[in-house]
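Chemist: Let me give you the structure first, and then I'll get to my questions.
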Amino acid sequence: MIAHTFIEDAPETGPAVSALKTGKPIETDAAGPWRLMWTKFVRNKVAVVAGIIILMLYMIGLFAEFLAPTLPDTSRPQFTNAPPQEIRLFADQPDGSREFLLHVTGYTMTVDQASLRRSYVIDDNQVVPIGFFVQGAPYKLWGVFPSDTHLIGPLNPSDTMYLLGTDKLGRDLLSRLIHGTRISMSIGLIGVTISLILGVVLGSISGFYGGWIDLVIQRVIEVISSMPTIPLWLGLAAAIPLTWSPLTVYFVITLIVSLFGWTGLAREVRGRFFALRSEDFVTAARLDGSSERRLIFRHILPSLTSHILAVVTLALPTMIVAETALSFLGIGLKAPVVSWGVLLQDAQNVRTIANASWLLIWPSAAVVLTVLAYNFLGDGLRDAADPYES
Amino acid sequence: MLNYVIKRLIYMIPTLIGMSIIAFTIIQLPPGDYLTSMLASMADSGANIDPGQIQRYREIYGLDAPMYEQYWKWISGILLRGDFGYSFEWNRPVGDLIWERMGSTLGISIASLLFVWAVSLPIGIYSAMRRHSVGDYAFTFLGFIGLAVPNFIMALVLMYFSYKYFGQSVGGLFSPEYAEAPWSWGKFVDLMAHLWIPIVVIGTNGTAALIRILRANLTDELNKPYVITAKAKGLPEYRAVVKYPVRIALNPFVSAIGWVLPELISGVTITAIVLNLPTAGPLLLRALISQDMYLAGSFILLMGVLTLVGMLVSDILLALLDPRIRFN
């Protein structure tokens with residue numbers, strides 16, 4: 001037996017095991033993957049702002065009837081191609097003082113005697129008081145709930161408030177743009193859902209089984225992705241009979257747009273499957289007797305969800321632009337449906353644009369803003385998709 | 001090398017077949033066949049139609065035959081006799097109508113590709129060497145705008161500005177006084193004055209994408225030890241960058257032909273419609289709207305073939321440039 005002797009005045013050596021880190025534990029030490037991705041995503045400020053913009057656009061689409069000052073197809077023939085009216089905060093009172101009064105200025109119309117073209121000039125002396133939550137044209141929210149409250153509008157419903165101007169039939173561009181947001185944004189969303197299903201199913205099959213199935217699917221993808229898209233879209237969209245209802249046309253256009261959008265997604269999924277197929281956890285699940293379906297859906301797909309999300313976000317703007325381009329050329333959506341592309345149809349020739357530049361500016365701005373926001377959001381998601389790489 | 005080219009050519013065959021099937025499907029999509037349309041237009045003009053004549057036509061064109069037989073008739077006509085079918089809107093064989101238009105499509109696409117290369121190479125090198133400088137941020141911002149603005153909107157905006165500030169109409173390829181004139185220096189200058197708008201519009205997307213790729217690739221390359229060694233030996237920065245790293249980062253430039261070309265041809269189509277250029281685009285749209293399907297289908301098929309050839313050229317160039325690809 002070994003005798004333990006204490007050495008007097010021996011220096012303190014401290015405990016054999018160093019204590020756990022004291023103080024507040026770092027949040028990410030024991031966080032799950034989703035938590036880590038979120039932390040990484042939030043650090044990218046541009047992506048967060050882009051995400052908020054996208055959310056707001058969907059909200060605008062969702063509550064279009066309420067947010068639009070008037071109905072998209074109400075036309076006032078006496079105000080065709082009228083320029084935008086500005087919101088002002090203060091108005092001159094009859095006694096000469098200036099007081100707070102939310103208003104827009106009215107128009108005076110002049111007729112050019114030679115060409116009989118009417119032009120409108122903003123008239124500072126006319127005051128059109130406006131307000132929030134005003135009574136206006138009656139509508140049914142989502143086609144169900146009847147109401148006539150609009151977020152913003154003229155206090156007297158017979159006055160005009162065209163914040164973004166009017167089109168050639170005297171319809172309010174702002175209202176049409178807001179209603180167009182619903183159609184354009186939802187086409188992207190539905191289209192990408194269809195692409196997602198096609199891409200994930202075909203990509204998984206291709207990547208999981210390999211062999212001749214993979215070869216065939218890869219050939220199909222190659223054919224589709226090497227066709228120039230716009231001629232192809234044109235060819236398919238032109239075949240839609242003119243007699244079909246707007247709703248059917250809407251779904252067919254969505255289908256056409258998505259039919260060629262899934263290839264990128266399928267490639268991404270296939271690549272990840274090849275990488276994951278030989279991972280230990282998949283082998284373990286296989287040895288445990290998991291069926292192939294269970295392997296794909298329970299074990300492999302969940303670990304690529306974040307990548308899929310990123311690819312989907314980056315694919316969305318292509319679809320929105322596709323719809324806009326088709327409708328712009330007159331073989332996509334058609335009036336009375338309102339989408340950004342349908343609005344841009346009015347801005348097809350230089351003369352119109354020169355007279356009423358707002359018809360080009362605002363719908364284009366909506367498209368560009370959406371595409372930019374989706375791209376930034378998608379980039380942010382892609383960077384955050386793999387939180388374990390440094 | 002020859003083996004590689006032959007292998008690539010063989011790989012192209014199934015893709016070509018797939019494309020021809022897609023084009024044929026598009027031809028067949030609209031309800032009714034082209035004889036019905038022809039009969040309708042003949043009835044419109046008041047011509048008498050003999051039912052026996054119709055039956056004979058149906059047999060000649062094989063319209064009652066099953067789909068695969070009709071496909072075979074169509075594709076073998078193209079392959080063996082160069083017969084693309086008949087355009088009844090123009091009352092001429094499709095073959096007479098398409099070549100000139102496809103030529104100008106190809107011409108503008110190649111001009112745009114050259115523009116993409118010429119602009120993105122210097123900017124990409126600059127951005128990689130001066131990362132996070134003001135210039136880099138400015139180009140990155142411009143690049144994002146370039147990626148986000150769809151072709152036709154950019155065409156409209158440029159048209160508007162050039163109308164407003166230069167008072168010049170920008171449609172077409174020539175001013176009216178030169179349109180029918182024989183080739184001269186003046187006509188060439190006039191062509192260039194019109195051509196830059198479509199080229200900028202079509203090329204911007206690809207330029208932005210290529211700058212991003214070049215910047216990323218070159219940045220990786222610049223951090224490698226051999227560059228540091230070269231600089232430590234006293235090589236001027238310009239030479240240390242251009243001599244090797246840029247060469248290596250050039251691969252995406254060559255492979256860009258493969259993926260930029262479909263985009264360019266897509267872009268040419270829609271931009272040409274907006275700017276009214278004499279390329280395949282406006283004629284394709286018109287053919288589709290009037291359901292002149294053989295003409296439309298031929299355009300779609302040829303545009304597909306054009307991109308495939310572009311990809312082949314890019315693969316061959318890449319193999320020439322990079323032996324690693326050749327020997328794998």
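So you can find residues: chains in the structure tokens are A, B, ... in the order shown, residues in each start at 1, and ligands are numbered from 1 in order.
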If we count only C-alpha atoms and set the cut-off at 12 Å, which residues sit around Lys73 in chain B, ignoring sequence neighbours fewer than 2 positions away in its own chain? Please answer as a list in words.

Modeler: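 Surrounding residues, per the criterion: Phe24, Ile60, Tyr61, Gly62, Leu63, Ala65, Pro66, Met67, Tyr68, Glu69, Gln70, Tyr71, Ile75, Ser76, Gly77, Ile78, Leu79, Leu80, Arg81, Asp83, Phe84 and Gly85 of chain B.
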
Chemist: Mind checking which residues fall within 12 Å of Ser147 in chain A, counting only C-alpha atoms, ignoring those fewer than 5 positions away in the same chain, and posting them as a ChimeraX atom specification?

Modeler: /A:65-66,133-142

Chemist: Could those selected residues go to a file with N, CA and C atoms, as a short mmCIF file (atom, residue, chain, number, x, y, z; two decimals), in the first residue's frame?

Modeler:
data_model
loop_
_atom_site.label_atom_id
_atom_site.label_comp_id
_atom_site.auth_asym_id
_atom_site.auth_seq_id
_atom_site.Cartn_x
_atom_site.Cartn_y
_atom_site.Cartn_z
N GLU A 65 -58.04 44.01 -52.03
CA GLU A 65 -59.30 44.76 -52.14
C GLU A 65 -59.36 45.90 -51.14
N PHE A 66 -58.86 45.63 -49.93
CA PHE A 66 -58.92 46.63 -48.87
C PHE A 66 -57.87 47.73 -49.10
N PHE A 133 -59.24 54.73 -43.95
CA PHE A 133 -60.43 53.93 -43.64
C PHE A 133 -61.69 54.66 -44.11
N VAL A 134 -61.71 55.03 -45.36
CA VAL A 134 -62.86 55.76 -45.90
C VAL A 134 -63.82 54.79 -46.59
N GLN A 135 -65.04 55.25 -46.74
CA GLN A 135 -66.03 54.47 -47.47
C GLN A 135 -65.81 54.72 -48.96
N GLY A 136 -65.76 53.65 -49.72
CA GLY A 136 -65.58 53.82 -51.16
C GLY A 136 -66.38 52.79 -51.92
N ALA A 137 -65.84 52.36 -53.03
CA ALA A 137 -66.54 51.38 -53.85
C ALA A 137 -66.71 50.08 -53.07
N PRO A 138 -67.90 49.48 -53.11
CA PRO A 138 -68.10 48.21 -52.38
C PRO A 138 -67.36 47.06 -53.06
N TYR A 139 -66.87 46.13 -52.27
CA TYR A 139 -66.16 44.97 -52.80
C TYR A 139 -66.40 43.79 -51.90
N LYS A 140 -65.95 42.62 -52.31
CA LYS A 140 -66.01 41.45 -51.44
C LYS A 140 -64.58 40.97 -51.23
N LEU A 141 -64.13 41.01 -49.98
CA LEU A 141 -62.78 40.55 -49.68
C LEU A 141 -62.69 39.06 -49.95
N TRP A 142 -61.72 38.63 -50.74
CA TRP A 142 -61.54 37.23 -51.18
C TRP A 142 -62.82 36.69 -51.77
#

Chemist: Please indicate the distance in Å from CA of Ile110 in chain B to CA of Gly235 in chain A, rounded to one decimal place.

Modeler: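 We find that CA of Ile110 in chain B and CA of Gly235 in chain A lie 23.9 Å from each other.
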
Chemist: Please identify every residue of chain B that has at least one atom no more than 6 Å from any atom of chain A, counting only C-alpha atoms, and report them as a count of residues only.

Modeler: 10

Chemist: What is the CA of Ile60 in chain A-CA of Thr181 in chain A distance in Å, reported with one decimal?

Modeler: 7.0 Å

Chemist: What gap, in Å, lies between CA of Tyr126 in chain B and CA of Asn251 in chain B?

Modeler: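 Those two atoms sit 17.5 Å apart.
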
Chemist: Write out as an MDAnalysis selection string the set of residues from range 180-365 of chain A that DSSP, computed on the backbone, places in helix (DSSP H, G or I).

Modeler: chainID A and resid 180:209 211:226 229:237 246:259 262:277 280:287 292:328 340:345 350:355 358:365

Chemist: Can you write out the residues you just picked, keeping C-alpha atoms, as a compact mmCIF listing (two decimals), in the first residue's frame?

Modeler:
# COMPACT_ATOMS: atom_id res chain seq x y z
CA GLY A 180 -51.80 42.79 -60.03
CA THR A 181 -49.56 41.99 -57.06
CA ARG A 182 -51.99 39.27 -56.02
CA ILE A 183 -51.90 37.58 -59.44
CA SER A 184 -48.19 37.99 -60.15
CA MET A 185 -46.97 36.93 -56.71
CA SER A 186 -49.32 33.96 -56.52
CA ILE A 187 -48.32 32.71 -59.98
CA GLY A 188 -44.76 32.55 -58.72
CA LEU A 189 -45.81 30.73 -55.58
CA ILE A 190 -48.04 28.15 -57.25
CA GLY A 191 -45.61 27.70 -60.12
CA VAL A 192 -42.73 27.06 -57.78
CA THR A 193 -44.80 24.56 -55.81
CA ILE A 194 -45.40 22.53 -58.96
CA SER A 195 -41.70 22.77 -59.89
CA LEU A 196 -40.81 21.78 -56.36
CA ILE A 197 -42.87 18.62 -56.51
CA LEU A 198 -41.53 17.68 -59.95
CA GLY A 199 -37.96 18.61 -59.07
CA VAL A 200 -37.86 16.83 -55.73
CA VAL A 201 -39.56 13.66 -56.93
CA LEU A 202 -37.54 13.31 -60.15
CA GLY A 203 -34.33 14.54 -58.53
CA SER A 204 -34.69 12.06 -55.65
CA ILE A 205 -35.43 9.15 -57.94
CA SER A 206 -32.53 10.09 -60.16
CA GLY A 207 -30.08 10.54 -57.32
CA PHE A 208 -31.23 7.63 -55.22
CA TYR A 209 -31.42 4.88 -57.79
CA GLY A 211 -28.26 3.72 -63.23
CA TRP A 212 -30.45 3.91 -66.31
CA ILE A 213 -33.29 5.78 -64.53
CA ASP A 214 -30.80 8.49 -63.70
CA LEU A 215 -29.56 8.49 -67.29
CA VAL A 216 -33.05 8.96 -68.74
CA ILE A 217 -33.99 11.73 -66.29
CA GLN A 218 -30.69 13.48 -66.88
CA ARG A 219 -31.27 13.42 -70.66
CA VAL A 220 -34.74 14.91 -70.21
CA ILE A 221 -33.32 17.65 -68.00
CA GLU A 222 -30.62 18.34 -70.55
CA VAL A 223 -33.14 18.69 -73.37
CA ILE A 224 -35.34 21.05 -71.38
CA SER A 225 -32.56 23.19 -70.01
CA SER A 226 -30.84 23.62 -73.35
CA THR A 229 -36.98 29.33 -72.61
CA ILE A 230 -38.80 32.29 -74.08
CA PRO A 231 -39.50 30.76 -77.51
CA LEU A 232 -40.66 27.62 -75.76
CA TRP A 233 -42.98 29.48 -73.38
CA LEU A 234 -44.31 31.45 -76.32
CA GLY A 235 -45.01 28.28 -78.25
CA LEU A 236 -46.92 26.64 -75.42
CA ALA A 237 -48.80 29.74 -74.28
CA PRO A 246 -59.41 33.62 -67.27
CA LEU A 247 -59.02 31.26 -64.32
CA THR A 248 -58.15 28.28 -66.54
CA VAL A 249 -55.68 30.42 -68.48
CA TYR A 250 -54.14 31.47 -65.17
CA PHE A 251 -53.54 27.87 -64.14
CA VAL A 252 -52.28 26.79 -67.53
CA ILE A 253 -49.82 29.69 -67.65
CA THR A 254 -48.64 28.73 -64.17
CA LEU A 255 -48.18 25.17 -65.35
CA ILE A 256 -46.23 26.23 -68.45
CA VAL A 257 -43.97 28.47 -66.43
CA SER A 258 -43.27 25.75 -63.88
CA LEU A 259 -42.81 22.98 -66.43
CA TRP A 262 -37.96 22.32 -62.14
CA THR A 263 -34.76 21.23 -63.84
CA GLY A 264 -32.42 23.31 -61.70
CA LEU A 265 -34.07 22.02 -58.57
CA ALA A 266 -33.91 18.41 -59.74
CA ARG A 267 -30.18 18.81 -60.42
CA GLU A 268 -29.55 20.23 -56.97
CA VAL A 269 -31.56 17.49 -55.26
CA ARG A 270 -29.86 14.78 -57.32
CA GLY A 271 -26.41 16.08 -56.46
CA ARG A 272 -27.17 16.15 -52.75
CA PHE A 273 -28.63 12.66 -52.93
CA PHE A 274 -25.45 11.33 -54.47
CA ALA A 275 -23.49 12.90 -51.66
CA LEU A 276 -25.80 11.71 -48.89
CA ARG A 277 -26.48 8.22 -50.21
CA ASP A 280 -23.30 6.66 -42.34
CA PHE A 281 -26.73 7.59 -41.08
CA VAL A 282 -28.32 6.44 -44.33
CA THR A 283 -26.45 3.15 -44.26
CA ALA A 284 -27.49 2.69 -40.63
CA ALA A 285 -31.13 3.31 -41.48
CA ARG A 286 -30.88 0.89 -44.37
CA LEU A 287 -29.37 -1.82 -42.16
CA GLU A 292 -36.66 2.87 -49.66
CA ARG A 293 -39.55 5.25 -49.28
CA ARG A 294 -38.74 5.78 -45.65
CA LEU A 295 -35.07 6.26 -46.48
CA ILE A 296 -35.85 8.96 -49.01
CA PHE A 297 -38.59 10.82 -47.19
CA ARG A 298 -37.64 10.32 -43.57
CA HIS A 299 -33.86 10.38 -43.66
CA ILE A 300 -32.45 12.01 -46.77
CA LEU A 301 -34.93 14.70 -47.79
CA PRO A 302 -35.16 16.39 -44.37
CA SER A 303 -31.42 17.01 -44.42
CA LEU A 304 -31.74 18.90 -47.69
CA THR A 305 -34.77 20.98 -46.81
CA SER A 306 -32.73 24.11 -46.27
CA HIS A 307 -30.95 23.76 -49.62
CA ILE A 308 -34.23 23.16 -51.38
CA LEU A 309 -35.69 26.25 -49.75
CA ALA A 310 -32.81 28.35 -51.05
CA VAL A 311 -33.04 27.00 -54.59
CA VAL A 312 -36.80 27.51 -54.61
CA THR A 313 -36.42 31.12 -53.53
CA LEU A 314 -33.94 31.72 -56.32
CA ALA A 315 -36.27 30.04 -58.86
CA LEU A 316 -39.30 32.15 -57.95
CA PRO A 317 -38.31 35.41 -59.64
CA THR A 318 -37.73 33.60 -62.95
CA MET A 319 -41.34 32.47 -62.90
CA ILE A 320 -42.66 35.91 -62.08
CA VAL A 321 -40.62 37.41 -64.90
CA ALA A 322 -41.81 34.64 -67.24
CA GLU A 323 -45.45 35.43 -66.54
CA THR A 324 -44.80 39.15 -66.91
CA ALA A 325 -43.04 38.64 -70.24
CA LEU A 326 -45.76 36.37 -71.63
CA SER A 327 -48.57 38.69 -70.59
CA PHE A 328 -46.63 41.67 -71.89
CA TRP A 340 -47.95 43.26 -63.72
CA GLY A 341 -47.42 41.91 -67.22
CA VAL A 342 -50.95 42.86 -68.25
CA LEU A 343 -50.30 46.38 -66.92
CA LEU A 344 -47.07 46.60 -68.91
CA GLN A 345 -48.99 45.77 -72.09
CA VAL A 350 -42.68 54.77 -77.13
CA ARG A 351 -45.39 57.32 -77.74
CA THR A 352 -47.55 56.03 -74.89
CA ILE A 353 -44.57 55.90 -72.58
CA ALA A 354 -43.58 59.44 -73.49
CA ASN A 355 -47.08 60.71 -72.67
CA TRP A 358 -46.02 56.18 -65.03
CA LEU A 359 -47.56 53.30 -66.97
CA LEU A 360 -44.05 51.95 -67.52
CA ILE A 361 -42.36 53.09 -64.32
CA TRP A 362 -44.59 51.64 -61.60
CA PRO A 363 -45.29 48.13 -62.91
CA SER A 364 -41.60 47.80 -63.86
CA ALA A 365 -40.56 48.99 -60.42

Chemist: Near Leu318 in chain B, counting only C-alpha atoms, which residues have an atom at most 8 Å away, once you skip same-chain residues fewer than 4 positions from it, shown as a VMD selection string?

Modeler: chain B and resid 251 254 to 255 314 322 325

Chemist: Hey, can you spit out that residue selection with N, CA and C atoms as a PDB file, in the first residue's frame?

Modeler:
ATOM      1  N   ASN B 251     -11.674  29.683 -67.570  1.00  0.00           N
ATOM      2  CA  ASN B 251     -12.529  28.550 -67.936  1.00  0.00           C
ATOM      3  C   ASN B 251     -14.014  28.892 -67.979  1.00  0.00           C
ATOM      4  N   VAL B 254     -15.202  30.427 -71.207  1.00  0.00           N
ATOM      5  CA  VAL B 254     -15.436  29.574 -72.357  1.00  0.00           C
ATOM      6  C   VAL B 254     -16.704  28.752 -72.149  1.00  0.00           C
ATOM      7  N   SER B 255     -16.841  28.188 -70.938  1.00  0.00           N
ATOM      8  CA  SER B 255     -18.034  27.375 -70.714  1.00  0.00           C
ATOM      9  C   SER B 255     -19.282  28.243 -70.706  1.00  0.00           C
ATOM     10  N   SER B 314     -18.534  25.252 -77.089  1.00  0.00           N
ATOM     11  CA  SER B 314     -17.950  25.616 -75.793  1.00  0.00           C
ATOM     12  C   SER B 314     -17.213  24.429 -75.177  1.00  0.00           C
ATOM     13  N   ASP B 322      -8.140  23.282 -71.618  1.00  0.00           N
ATOM     14  CA  ASP B 322      -7.849  22.651 -70.346  1.00  0.00           C
ATOM     15  C   ASP B 322      -7.662  21.143 -70.543  1.00  0.00           C
ATOM     16  N   ILE B 325      -9.793  18.249 -68.854  1.00  0.00           N
ATOM     17  CA  ILE B 325     -11.086  17.829 -69.370  1.00  0.00           C
ATOM     18  C   ILE B 325     -10.912  16.830 -70.504  1.00  0.00           C
TER      19      ILE B 325
END

Chemist: Hey, which of A:Thr105, A:Ser158, A:Thr243, A:Asn125 ends up closest to Ile87 in chain A? Count only C-alpha atoms.

Modeler: A:Thr105

Chemist: Within 10 Å of Trp34 in chain A, counting only C-alpha atoms, which residues qualify if same-chain residues fewer than 4 places away don't, as an NGL selection string?

Modeler: :A and (38-40 or 306 or 384-387)

Chemist: For the residues selected in the previous step, produce a file with C-alpha atoms as a PDB file, in the first residue's frame.

Modeler:
ATOM      1  CA  TRP A  38     -31.697  31.230 -38.302  1.00  0.00           C
ATOM      2  CA  THR A  39     -28.818  32.817 -36.388  1.00  0.00           C
ATOM      3  CA  LYS A  40     -26.692  32.779 -39.504  1.00  0.00           C
ATOM      4  CA  SER A 306     -32.727  24.108 -46.274  1.00  0.00           C
ATOM      5  CA  ALA A 384     -27.423  29.996 -44.172  1.00  0.00           C
ATOM      6  CA  ALA A 385     -28.451  26.591 -45.541  1.00  0.00           C
ATOM      7  CA  ASP A 386     -25.334  24.884 -44.272  1.00  0.00           C
ATOM      8  CA  PRO A 387     -24.683  26.246 -40.798  1.00  0.00           C
TER       9      PRO A 387
END

Chemist: Residues near range 203-214 of chain B, anyone? I mean within 6 Å using only C-alpha atoms, not counting same-chain ones fewer than 3 positions away, as a ChimeraX atom specification.

Modeler: /B:112,116,120,124,143,146-147,199-200,217-218
